[in-house]
Each structure stands twice: as C-alpha cells, then as structure tokens.
$ cat final-v4.tsv   # TSV, C-alpha atoms
chain	number	residue	atom	x	y	z
U	117	MET	CA	10.09	23.73	40.92
U	118	ARG	CA	8.44	27.01	41.74
U	119	ARG	CA	11.09	29.67	41.53
U	120	PHE	CA	10.90	33.24	42.76
U	121	VAL	CA	13.42	35.95	41.97
U	122	VAL	CA	13.33	39.06	44.15
U	123	VAL	CA	15.41	42.02	43.06
U	124	GLY	CA	16.86	44.23	45.78
U	125	HIS	CA	18.08	47.33	43.97
U	126	LYS	CA	19.89	48.80	46.93
U	127	ALA	CA	20.12	45.68	49.09
U	128	THR	CA	23.72	45.30	50.13
U	129	ALA	CA	25.90	42.48	48.78
U	130	SER	CA	28.23	42.97	51.78
U	131	PRO	CA	27.78	41.26	55.16
U	132	GLY	CA	28.51	44.26	57.38
U	133	PHE	CA	25.02	45.59	57.99
U	134	SER	CA	23.67	46.05	61.50
U	135	LEU	CA	21.17	43.63	62.99
U	136	LYS	CA	19.98	46.50	65.18
U	137	ASP	CA	18.86	48.52	62.16
U	138	ILE	CA	18.47	46.24	59.17
U	139	PRO	CA	16.27	48.61	57.13
U	140	GLY	CA	18.61	51.56	57.65
U	141	THR	CA	21.97	49.86	57.13
U	142	SER	CA	21.38	47.16	54.51
U	143	GLY	CA	19.65	48.95	51.66
U	144	ARG	CA	16.29	47.54	52.75
U	145	MET	CA	17.43	43.96	53.00
U	146	ASP	CA	14.45	43.59	55.34
U	147	VAL	CA	12.15	43.55	52.32
U	148	LEU	CA	14.04	40.52	50.99
U	149	LEU	CA	14.21	38.78	54.37
U	150	ARG	CA	10.44	38.83	54.54
U	151	CYS	CA	10.29	37.29	51.09
U	152	VAL	CA	12.42	34.39	52.36
U	153	ARG	CA	9.76	33.47	54.89
U	154	ALA	CA	6.85	33.93	52.51
U	155	ALA	CA	8.49	31.93	49.72
U	156	LEU	CA	9.93	29.06	51.72
U	157	LEU	CA	8.08	28.49	54.98
U	158	VAL	CA	4.65	27.10	55.75
U	159	SER	CA	3.14	26.19	59.12
U	160	HIS	CA	4.94	22.94	59.55
U	161	GLY	CA	8.14	23.34	57.65
U	162	LEU	CA	9.69	24.19	54.33
U	163	ARG	CA	8.23	24.36	50.85
U	164	GLN	CA	10.37	21.60	49.36
U	165	ASP	CA	9.27	22.49	45.84
U	166	THR	CA	10.43	26.12	45.93
U	167	VAL	CA	13.69	27.89	45.15
U	168	LEU	CA	14.13	31.56	46.00
U	169	TYR	CA	16.75	33.85	44.47
U	170	LEU	CA	17.60	37.20	46.02
U	171	VAL	CA	19.44	39.61	43.73
U	172	LEU	CA	21.55	42.11	45.66
U	173	LEU	CA	22.53	45.18	43.69
U	174	GLY	CA	23.69	47.48	46.47
U	175	GLY	CA	27.11	48.35	47.88
U	176	PRO	CA	30.70	47.86	46.66
U	177	ASP	CA	30.49	44.04	46.48
U	178	ALA	CA	27.45	44.01	44.18
U	179	PRO	CA	26.16	42.29	42.23
U	180	LYS	CA	25.59	39.07	44.09
U	181	SER	CA	22.73	36.64	44.12
U	182	LEU	CA	21.63	34.28	46.84
U	183	ARG	CA	19.91	30.97	46.18
U	184	LEU	CA	17.77	29.28	48.85
U	185	ARG	CA	16.53	25.77	48.06
U	186	GLY	CA	13.54	24.53	50.00
U	187	ASP	CA	14.54	20.89	49.56
U	188	ALA	CA	17.93	21.40	51.20
U	189	LEU	CA	17.68	24.39	53.57
U	190	LYS	CA	18.53	24.05	57.23
U	191	HIS	CA	18.51	26.52	60.11
U	192	LEU	CA	15.81	28.72	58.53
U	193	ASN	CA	13.50	30.31	61.07
U	194	PRO	CA	10.66	32.70	60.27
U	195	ASP	CA	11.95	35.77	62.07
U	196	GLU	CA	13.82	38.51	60.22
U	197	ARG	CA	16.83	38.71	62.47
U	198	SER	CA	17.80	35.04	62.29
U	199	THR	CA	17.36	35.06	58.52
U	200	ALA	CA	19.56	38.15	58.39
U	201	THR	CA	22.35	36.26	60.13
U	202	LEU	CA	22.10	33.49	57.52
U	203	VAL	CA	22.33	36.13	54.79
U	204	GLN	CA	25.39	37.63	56.46
U	205	LYS	CA	27.09	34.22	56.49
U	206	ALA	CA	26.34	33.78	52.81
U	207	LEU	CA	27.66	37.25	51.98
U	208	ALA	CA	30.87	36.51	53.90
U	209	THR	CA	31.46	33.46	51.69
U	210	THR	CA	34.05	33.95	48.97
U	211	THR	CA	32.47	34.06	45.53
U	212	THR	CA	34.19	33.48	42.21
U	213	GLY	CA	31.94	34.66	39.45
U	214	PRO	CA	28.81	32.82	38.42
U	215	VAL	CA	29.54	29.54	40.23
U	216	TRP	CA	27.19	28.89	43.16
U	217	GLN	CA	29.19	28.59	46.38
U	218	PRO	CA	27.55	26.83	49.33
U	219	ALA	CA	27.38	28.94	52.49
U	220	THR	CA	25.06	26.96	54.75
U	221	PRO	CA	22.96	23.89	53.79
U	222	GLY	CA	20.68	24.81	50.90
U	223	PHE	CA	21.89	28.41	50.89
U	224	ASP	CA	24.30	29.40	48.10
U	225	VAL	CA	25.83	32.62	46.80
U	226	ALA	CA	27.24	33.67	43.43
U	227	ALA	CA	28.62	36.91	41.99
U	228	VAL	CA	25.90	37.40	39.42
U	229	GLY	CA	23.37	40.15	38.78
U	230	PHE	CA	19.83	40.03	37.50
U	231	GLU	CA	20.40	39.53	33.77
U	232	GLU	CA	22.97	36.78	34.30
U	233	LEU	CA	20.73	35.05	36.80
U	234	LEU	CA	17.79	35.20	34.42
U	235	ALA	CA	19.93	33.82	31.59
U	236	GLY	CA	20.84	30.89	33.82
U	237	LEU	CA	17.15	30.09	34.25
U	238	ALA	CA	16.48	29.96	30.50
U	239	GLY	CA	14.07	27.17	29.67
U	240	SER	CA	11.68	28.09	32.44
U	241	ARG	CA	8.69	30.30	31.79
U	242	VAL	CA	9.17	33.76	33.29
U	243	VAL	CA	6.26	35.56	34.89
U	244	VAL	CA	6.60	39.06	36.29
U	245	LEU	CA	4.45	40.21	39.18
U	246	ASP	CA	3.25	43.57	37.96
U	247	GLU	CA	0.22	45.66	38.77
U	248	GLY	CA	-0.47	46.08	35.06
U	249	GLY	CA	-0.48	42.37	34.33
U	250	ALA	CA	-3.31	39.92	33.84
U	251	ASP	CA	-5.14	38.61	36.89
U	252	VAL	CA	-3.19	35.68	38.33
U	253	ARG	CA	-6.47	33.82	38.89
U	254	GLU	CA	-7.24	33.97	35.18
U	255	THR	CA	-3.78	33.02	33.93
U	256	THR	CA	-2.47	29.58	33.04
U	257	LEU	CA	0.40	28.82	35.41
U	258	GLU	CA	2.60	25.78	35.37
U	259	ASP	CA	3.49	24.41	38.76
U	260	HIS	CA	6.94	23.41	37.49
U	261	ASP	CA	9.63	25.22	35.53
U	262	ILE	CA	8.14	28.60	36.27
U	263	VAL	CA	9.99	31.67	37.52
U	264	PHE	CA	8.20	34.55	39.18
U	265	VAL	CA	10.09	37.84	39.16
U	266	VAL	CA	9.25	40.27	41.96
U	267	GLY	CA	10.50	43.81	42.39
U	268	ASP	CA	11.37	45.18	45.79
U	269	HIS	CA	9.69	48.27	47.24
U	270	ALA	CA	11.07	50.26	44.27
U	271	GLY	CA	9.66	47.99	41.53
U	272	LEU	CA	11.82	46.99	38.57
U	273	ALA	CA	14.30	49.19	36.68
U	274	PRO	CA	14.02	49.81	32.90
U	275	ASP	CA	17.03	47.61	32.03
U	276	GLU	CA	15.56	44.80	34.13
U	277	GLN	CA	12.24	45.19	32.39
U	278	ALA	CA	14.05	45.00	29.05
U	279	ALA	CA	15.84	41.80	30.05
U	280	ILE	CA	12.54	40.34	31.18
U	281	ALA	CA	10.89	41.29	27.90
U	282	ARG	CA	13.66	39.53	25.98
U	283	SER	CA	12.97	36.38	27.99
U	284	GLY	CA	9.44	36.32	26.59
U	285	ALA	CA	7.92	36.88	30.00
U	286	THR	CA	4.28	37.55	30.71
U	287	SER	CA	2.98	39.71	33.56
U	288	VAL	CA	0.43	38.92	36.21
U	289	ARG	CA	-1.07	40.93	39.02
U	290	VAL	CA	-2.17	39.42	42.29
U	291	GLY	CA	-5.03	41.80	42.95
U	292	PRO	CA	-6.31	45.36	42.79
U	293	VAL	CA	-4.15	46.75	45.61
U	294	SER	CA	-0.39	47.31	45.45
U	295	LEU	CA	1.10	44.95	48.02
U	296	HIS	CA	4.42	44.22	49.67
U	297	ALA	CA	6.52	41.66	47.83
U	298	ASP	CA	6.09	39.00	50.52
U	299	ASP	CA	2.31	39.28	50.43
U	300	ALA	CA	2.39	38.96	46.64
U	301	ILE	CA	4.48	35.79	46.95
U	302	ALA	CA	2.05	34.35	49.51
U	303	ILE	CA	-0.85	34.97	47.13
U	304	VAL	CA	0.95	33.34	44.18
U	305	HIS	CA	1.76	30.29	46.31
U	306	ASN	CA	-1.89	30.11	47.38
U	307	GLU	CA	-3.03	30.18	43.76
U	308	LEU	CA	-0.61	27.39	42.81
U	309	ASP	CA	-1.50	25.37	45.93
U	310	ARG	CA	-5.17	25.54	44.95
U	311	ARG	CA	-4.49	24.37	41.41
U	312	ARG	CA	-2.29	21.49	42.46
U	313	ARG	CA	-5.21	19.88	44.32
U	314	GLY	CA	-2.89	17.40	45.94
U	315	PRO	CA	-3.64	15.12	48.88
U	316	GLN	CA	-3.51	18.14	51.22
U	317	ASP	CA	-6.64	19.54	49.56
U	318	SER	CA	-9.47	18.09	51.57
C	422	MET	CA	-14.00	47.98	59.20
C	423	ARG	CA	-12.10	44.80	58.59
C	424	ARG	CA	-11.00	43.48	61.95
C	425	PHE	CA	-8.47	40.77	62.67
C	426	VAL	CA	-7.88	39.18	66.06
C	427	VAL	CA	-4.67	37.20	66.48
C	428	VAL	CA	-4.30	35.13	69.62
C	429	GLY	CA	-0.80	34.71	71.05
C	430	HIS	CA	-1.11	31.95	73.60
C	431	LYS	CA	2.35	32.39	75.04
C	432	ALA	CA	3.10	35.86	73.72
C	433	THR	CA	4.23	37.97	76.63
C	434	ALA	CA	2.09	40.78	78.00
C	435	SER	CA	5.23	42.29	79.58
C	436	PRO	CA	7.59	44.69	77.82
C	437	GLY	CA	10.88	43.15	78.95
C	438	PHE	CA	11.63	40.83	76.06
C	439	SER	CA	14.90	41.05	74.16
C	440	LEU	CA	15.07	42.64	70.72
C	441	LYS	CA	18.10	40.43	70.05
C	442	ASP	CA	16.04	37.27	70.42
C	443	ILE	CA	12.37	38.07	70.00
C	444	PRO	CA	11.24	34.48	69.26
C	445	GLY	CA	13.10	33.07	72.27
C	446	THR	CA	12.27	35.69	74.89
C	447	SER	CA	8.75	36.90	74.08
C	448	GLY	CA	6.71	33.71	73.76
C	449	ARG	CA	6.83	33.95	69.98
C	450	MET	CA	5.73	37.57	69.76
C	451	ASP	CA	7.46	37.49	66.36
C	452	VAL	CA	4.46	35.60	64.96
C	453	LEU	CA	2.22	38.49	66.00
C	454	LEU	CA	4.64	41.18	64.78
C	455	ARG	CA	4.47	39.69	61.31
C	456	CYS	CA	0.68	39.82	61.48
C	457	VAL	CA	0.90	43.56	62.17
C	458	ARG	CA	2.60	44.14	58.84
C	459	ALA	CA	0.33	41.81	56.89
C	460	ALA	CA	-2.86	43.24	58.38
C	461	LEU	CA	-2.04	46.93	58.27
C	462	LEU	CA	0.54	47.78	55.62
C	463	VAL	CA	0.38	47.86	51.84
C	464	SER	CA	2.97	49.16	49.38
C	465	HIS	CA	2.24	52.80	49.85
C	466	GLY	CA	0.93	53.08	53.35
C	467	LEU	CA	-1.61	51.88	55.82
C	468	ARG	CA	-4.85	50.00	55.38
C	469	GLN	CA	-7.11	52.72	56.75
C	470	ASP	CA	-10.07	50.35	56.89
C	471	THR	CA	-8.44	47.73	59.13
C	472	VAL	CA	-8.15	47.24	62.88
C	473	LEU	CA	-5.89	44.55	64.29
C	474	TYR	CA	-6.13	43.13	67.79
C	475	LEU	CA	-3.31	41.10	69.32
C	476	VAL	CA	-4.26	39.01	72.34
C	477	LEU	CA	-1.31	38.35	74.64
C	478	LEU	CA	-1.81	35.46	77.02
C	479	GLY	CA	1.76	34.86	78.19
C	480	GLY	CA	3.70	35.94	81.26
C	481	PRO	CA	2.73	37.39	84.67
C	482	ASP	CA	1.03	40.50	83.25
C	483	ALA	CA	-1.37	38.57	81.00
C	484	PRO	CA	-3.94	38.87	79.72
C	485	LYS	CA	-3.58	42.04	77.69
C	486	SER	CA	-4.78	42.98	74.27
C	487	LEU	CA	-3.32	45.48	71.83
C	488	ARG	CA	-5.42	47.42	69.33
C	489	LEU	CA	-3.84	48.90	66.20
C	490	ARG	CA	-6.07	51.14	64.08
C	491	GLY	CA	-5.08	51.66	60.47
C	492	ASP	CA	-6.82	55.03	60.28
C	493	ALA	CA	-4.81	56.49	63.16
C	494	LEU	CA	-1.48	54.63	63.37
C	495	LYS	CA	1.81	56.46	63.17
C	496	HIS	CA	5.41	55.28	63.28
C	497	LEU	CA	4.59	51.82	61.92
C	498	ASN	CA	7.33	50.37	59.72
C	499	PRO	CA	7.27	46.93	58.13
C	500	ASP	CA	10.27	45.40	59.90
C	501	GLU	CA	9.83	43.20	62.95
C	502	ARG	CA	12.25	44.97	65.24
C	503	SER	CA	10.72	48.43	64.95
C	504	THR	CA	7.24	47.00	65.44
C	505	ALA	CA	8.56	45.17	68.51
C	506	THR	CA	9.65	48.49	70.04
C	507	LEU	CA	6.14	49.88	69.50
C	508	VAL	CA	4.72	46.81	71.22
C	509	GLN	CA	7.12	47.29	74.12
C	510	LYS	CA	5.96	50.90	74.52
C	511	ALA	CA	2.34	49.75	74.58
C	512	LEU	CA	3.10	47.02	77.12
C	513	ALA	CA	4.85	49.57	79.35
C	514	THR	CA	1.67	51.67	79.41
C	515	THR	CA	-0.39	51.38	82.58
C	516	THR	CA	-3.62	49.52	81.98
C	517	THR	CA	-6.72	49.60	84.13
C	518	GLY	CA	-8.98	46.77	83.13
C	519	PRO	CA	-10.95	46.77	79.90
C	520	VAL	CA	-10.53	50.47	79.04
C	521	TRP	CA	-8.32	51.08	76.00
C	522	GLN	CA	-5.32	53.18	76.97
C	523	PRO	CA	-3.48	55.03	74.20
C	524	ALA	CA	0.24	54.20	74.00
C	525	THR	CA	1.30	55.73	70.68
C	526	PRO	CA	-0.99	57.20	67.97
C	527	GLY	CA	-3.48	54.55	66.87
C	528	PHE	CA	-1.94	51.95	69.18
C	529	ASP	CA	-3.88	51.13	72.36
C	530	VAL	CA	-3.65	48.55	75.14
C	531	ALA	CA	-6.19	47.08	77.58
C	532	ALA	CA	-6.08	44.38	80.24
C	533	VAL	CA	-8.49	42.03	78.53
C	534	GLY	CA	-8.20	38.47	77.28
C	535	PHE	CA	-9.75	36.73	74.32
C	536	GLU	CA	-13.30	36.16	75.55
C	537	GLU	CA	-13.68	39.70	76.87
C	538	LEU	CA	-12.27	41.12	73.64
C	539	LEU	CA	-14.66	39.04	71.57
C	540	ALA	CA	-17.59	40.13	73.74
C	541	GLY	CA	-16.63	43.74	73.07
C	542	LEU	CA	-16.90	43.10	69.35
C	543	ALA	CA	-20.44	41.71	69.58
C	544	GLY	CA	-22.53	42.85	66.65
C	545	SER	CA	-19.87	42.06	64.12
C	546	ARG	CA	-19.86	38.77	62.27
C	547	VAL	CA	-17.08	36.49	63.51
C	548	VAL	CA	-15.17	34.33	61.04
C	549	VAL	CA	-12.48	31.92	62.20
C	550	LEU	CA	-9.59	31.05	59.93
C	551	ASP	CA	-9.48	27.29	60.23
C	552	GLU	CA	-8.21	24.58	57.96
C	553	GLY	CA	-11.48	22.70	58.37
C	554	GLY	CA	-13.62	25.64	57.28
C	555	ALA	CA	-15.29	26.46	53.99
C	556	ASP	CA	-13.18	27.86	51.18
C	557	VAL	CA	-12.86	31.63	51.64
C	558	ARG	CA	-13.39	32.11	47.91
C	559	GLU	CA	-16.79	30.46	48.12
C	560	THR	CA	-17.98	32.23	51.26
C	561	THR	CA	-20.03	35.38	51.55
C	562	LEU	CA	-17.93	37.98	53.35
C	563	GLU	CA	-18.97	41.43	54.37
C	564	ASP	CA	-16.34	44.09	53.93
C	565	HIS	CA	-17.59	45.86	57.06
C	566	ASP	CA	-18.37	44.72	60.57
C	567	ILE	CA	-16.50	41.49	60.14
C	568	VAL	CA	-13.97	40.01	62.56
C	569	PHE	CA	-11.48	37.38	61.47
C	570	VAL	CA	-10.00	35.31	64.31
C	571	VAL	CA	-6.57	33.83	63.69
C	572	GLY	CA	-4.66	31.43	65.90
C	573	ASP	CA	-0.92	31.72	66.35
C	574	HIS	CA	1.46	28.89	65.50
C	575	ALA	CA	-0.33	26.74	68.12
C	576	GLY	CA	-3.85	27.24	66.73
C	577	LEU	CA	-6.77	27.96	69.07
C	578	ALA	CA	-7.39	26.43	72.49
C	579	PRO	CA	-10.60	24.52	73.33
C	580	ASP	CA	-11.99	27.30	75.55
C	581	GLU	CA	-11.35	29.82	72.80
C	582	GLN	CA	-13.08	27.60	70.31
C	583	ALA	CA	-16.04	27.36	72.68
C	584	ALA	CA	-16.23	31.15	73.02
C	585	ILE	CA	-16.08	31.47	69.26
C	586	ALA	CA	-18.84	28.90	68.84
C	587	ARG	CA	-21.05	30.87	71.26
C	588	SER	CA	-20.53	33.96	69.11
C	589	GLY	CA	-22.17	32.17	66.20
C	590	ALA	CA	-18.96	32.22	64.17
C	591	THR	CA	-18.39	30.45	60.89
C	592	SER	CA	-15.05	29.03	59.74
C	593	VAL	CA	-13.18	29.58	56.53
C	594	ARG	CA	-9.96	28.19	55.16
C	595	VAL	CA	-7.68	30.14	52.87
C	596	GLY	CA	-6.38	27.19	50.90
C	597	PRO	CA	-5.23	23.58	50.93
C	598	VAL	CA	-1.90	24.19	52.72
C	599	SER	CA	-1.49	25.14	56.37
C	600	LEU	CA	0.07	28.60	56.36
C	601	HIS	CA	1.60	31.08	58.76
C	602	ALA	CA	-0.91	33.50	60.27
C	603	ASP	CA	0.47	36.50	58.36
C	604	ASP	CA	0.13	34.74	55.00
C	605	ALA	CA	-3.44	33.77	55.87
C	606	ILE	CA	-4.22	37.43	56.66
C	607	ALA	CA	-2.69	38.54	53.35
C	608	ILE	CA	-4.89	36.08	51.47
C	609	VAL	CA	-8.06	37.20	53.27
C	610	HIS	CA	-7.24	40.84	52.49
C	611	ASN	CA	-6.67	39.91	48.85
C	612	GLU	CA	-10.05	38.21	48.68
C	613	LEU	CA	-11.80	41.24	50.19
C	614	ASP	CA	-9.84	43.65	47.97
C	615	ARG	CA	-11.00	41.74	44.90
C	616	ARG	CA	-14.63	41.84	45.97
C	617	ARG	CA	-14.60	45.52	46.75
C	618	ARG	CA	-13.75	46.38	43.14
C	619	GLY	CA	-12.93	49.94	44.01
C	620	PRO	CA	-11.22	52.51	41.81
C	621	GLN	CA	-7.89	50.74	42.35
C	622	ASP	CA	-9.21	47.75	40.41
C	623	SER	CA	-8.26	48.49	36.84
$ encode --input "final-v4.tsv" --output "structure tokens"
Amino acid sequence: MRRFVVVGHKATASPGFSLKDIPGTSGRMDVLLRCVRAALLVSHGLRQDTVLYLVLLGGPDAPKSLRLRGDALKHLNPDERSTATLVQKALATTTTGPVWQPATPGFDVAAVGFEELLAGLAGSRVVVLDEGGADVRETTLEDHDIVFVVGDHAGLAPDEQAAIARSGATSVRVGPVSLHADDAIAIVHNELDRRRRGPQDS
Amino acid sequence: MRRFVVVGHKATASPGFSLKDIPGTSGRMDVLLRCVRAALLVSHGLRQDTVLYLVLLGGPDAPKSLRLRGDALKHLNPDERSTATLVQKALATTTTGPVWQPATPGFDVAAVGFEELLAGLAGSRVVVLDEGGADVRETTLEDHDIVFVVGDHAGLAPDEQAAIARSGATSVRVGPVSLHADDAIAIVHNELDRRRRGPQDS
C-alpha cells in the first residue's frame, strides 16, 4: 500500500463547518479535501493501492484522524464540496479512542492525533515531503509499506518533526518550487507509477 | 510564458450554474476550476509566468474562452467555490466576438472557441497532453512560447484533434496512468520547474 498522511493543524475535527465557506469556517479543511482527490482518484476511478490519512488538529473535538481506503471507498467524487459532505458525515460519527469507526464505505474515523497515528503505522518506511529533502527522482522508494507525510499550508510543527525523526524517516522533495500539498501528492504518485512499470505502461 | 489550454466540452459558457452543485449544473466546470489552481497557484502565490485558457463549449452562450494571467490575477484562492464565483463574474461580462474583455484583474473573457483560440496562439509551439504521446521527461520543452493543450474528463474531440494536427503539434504523456487534468498540469509544471534550475533549485 501507498499511504499518505496529511496533517491539518487547524483543520476542524467537528462537522459543523459551512459548505458555503469551507476555507473560512473549517480551519482550511479545503487543503485536505484537495489531497483526497489527488491521493485517491485517477481518470477512471480509485487508486485501489492507496490509503490516505487526514489528521485534524483543530477545534474542540480534536484530535481526530480520518482514514480513506482506495480499495473500499464509495461515493467519492472529485469536487471539494461533495468530499466535504463525506468528511462531515465521518466527523459526526461517534469515536471511542484509537479504534477506527466506519462512517461510510472505506471511510473511517478515530480519535487519534499525529503521533498516535504514526505509531500505528510502525513497520512501514516513513518519508516526509520536505523542501530540504533529497530529490524524489533520485531516492529509492518502495511501492509498498511506505508512508508519505505531508504538511498542510503551514508545514509541520516542531513536535511533529520530532516524532517523525524518531520514526527514522527520510525526507524527499518533489522539485525546486514549493507546491500545494495536493500537487506534491500527484507528483509522488507519478514517480511511483513510473517505477512500477505495470501493464498500464505502454 | 507557459500556456495551458483546457477544453471543457460541456462546461457552460453561462453564469447561471449553482454553487451548491457545480458538477451537476455547470457541465463539469469543476474539472476546469481545479485546473485553475494547478496551473496558477503555488504555495506562496501565483505562477507569474503562466497563462491559462479555459474553453467553454457548453450551453446556449457557447463558445466562450476565459484567459487567466498569472502576472495580473487578483482575488484567486485555491478553493473551487471561490474560483467558481470568479468564473461566474467573467461569464456575466458582455463579450463582443474575439476581443478579450476584462472581467476582474487578470481574468478576461472572449466569445471564441477552441480553433479560434488556437489560431490566436500561432507562433507558439503546441504540445498536446495525450496518453499516446512521448514521455514528457524525454521530450524537449521550451519554457517560453509553449502551449499545452489538455482535454477535460472526456478527452479531445476529433475536430479538435484535427485542428491541433494542423498546428503542427506534438503529443506528450505525463506517465503510465491516466490522470485528472489538474494532476497532469501539476506534473508538466514540475518538469519545467526542474529544467529551469533557477535560484529556487537548491
């Protein structure tokens, strides 16, 4: 599995944000919604081999994490608003600690923050998308059991960076320009797609 | 200038679509809205060197084209809804044939379709993003005077392909997997960013 973890430092863990002003009422959940599309959707469907985690650290119900599994998701469309309604359903689901609770098919929620989530992924290699890292094109990347950690528009906080360092993570950059998180995810997928050289590669 | 042309075959040229259901009421304008972000925005602002054209071929007011200039745009945010309101303002602007009419700063509209738009860009090299093309990483690409043509979720129509062929265009593919138009644009930008090797490339 390719796994992506996107950290939303102010993204609300409560479902009551407004669909009329997602950026202004959700702690920039819109940044994370765009990552959902980039991580999980291709032209003709879902990336079955990808799991996306969204870490929500904003609001009184934080922390929560969302898990979206490409091999089980239903009802996912590419537009931000419809994805926002799926997120609201997940955030309205009762959570009891670190146990994943199903909200809609393939879409689960748990009351865990970044460090706990990362601990639960122990055993997978952790790679941080960071402008100071090595070039992704020149880095060995497994196509399985790999976790890419992506900051939101505010990057990663010092305690998150410390937790990542303890996990033995390495850092990669996707290019010379600082990009939105969803574009960075698209470029990582492209790099892995190219290396897989499966039957789709003509 | 890097130029991108995205063709929306059913995307409405009329401003009356619903912000509550953009995909269902606008002829999939949402596909094009996502291309706006991918083509023009990076982490800390606008791509000053990029111009994006959206060709709208749907509805009674078609054809129209929108032109968004990275060196002059204002009020552009990354979320789909706010970009949709900018598009609605542009589509409510009176157009008189092929003359670009300013709607908001850096955002212009003209009553032209795909072939006329392409004719107006004569002199620039035309490159079509196509799954059957050569690998973008192995293709010579100018960073200036280059126009990338991108189909929407339905690809390009035969008459559009014929017009492109007459322009002497070449085709490139961004990778082995068929991607959304916005992801394809992000990957092309990344390739050009890497080749530029400007001061941002540490």
$ atom_distance --input "final-v4.tsv" --atom1 "CA of Arg458 (chain C)" --atom2 "CA of Glu501 (chain C)"
8.4 Å
$ closest_residue --input "final-v4.tsv" --among "U:Gly267, U:Pro194, U:Gly222, U:Gly213" --to "Ile280 (chain U)" --atoms "only C-alpha atoms"
U:Gly267
$ residues_around --input "final-v4.tsv" --residues "Asp556 (chain C)" --least-positions-apart "5" --cutoff "9 Å" --atoms "all atoms listed in the file" --output "list in words"
Ser592, Val593, Arg594, Val595 and Gly596 of chain C
$ residues_around --input "final-v4.tsv" --residues "region 225-240 of chain U" --least-positions-apart "5" --cutoff "9 Å" --atoms "only C-alpha atoms" --output "ChimeraX atom specification"
/U:121,123,169,171-173,177-184,206-207,209-219,260-263,275-276,279-280,283
$ interface_residues --input "final-v4.tsv" --of "chain U" --to "chain C" --cutoff "10 Å" --atoms "all atoms listed in the file" --output "count of residues only"
57
$ axis_aligned_box --input "final-v4.tsv" --around "region 186-194 of chain U" --padding-each-side "8 Å" --output "AutoDock Vina command-line options"
--center_x 14.6 --center_y 26.8 --center_z 55.3 --size_x 23.9 --size_y 27.8 --size_z 27.5
$ atom_distance --input "final-v4.tsv" --atom1 "CA of Leu507 (chain C)" --atom2 "CA of Cys151 (chain U)"
22.7 Å
$ residues_around --input "final-v4.tsv" --residues "Phe569 (chain C)" --least-positions-apart "2" --cutoff "9 Å" --atoms "only C-alpha atoms" --output "PyMOL selection string"
chain C and resi 423-427+546-550+567+571+606+609
$ atom_distance --input "final-v4.tsv" --atom1 "CA of Glu559 (chain C)" --atom2 "CA of Val472 (chain C)"
24.0 Å
$ closest_residue --input "final-v4.tsv" --among "U:Pro221, U:Asp187, U:Met117, U:Gly124" --to "Gly271 (chain U)" --atoms "only C-alpha atoms"
U:Gly124
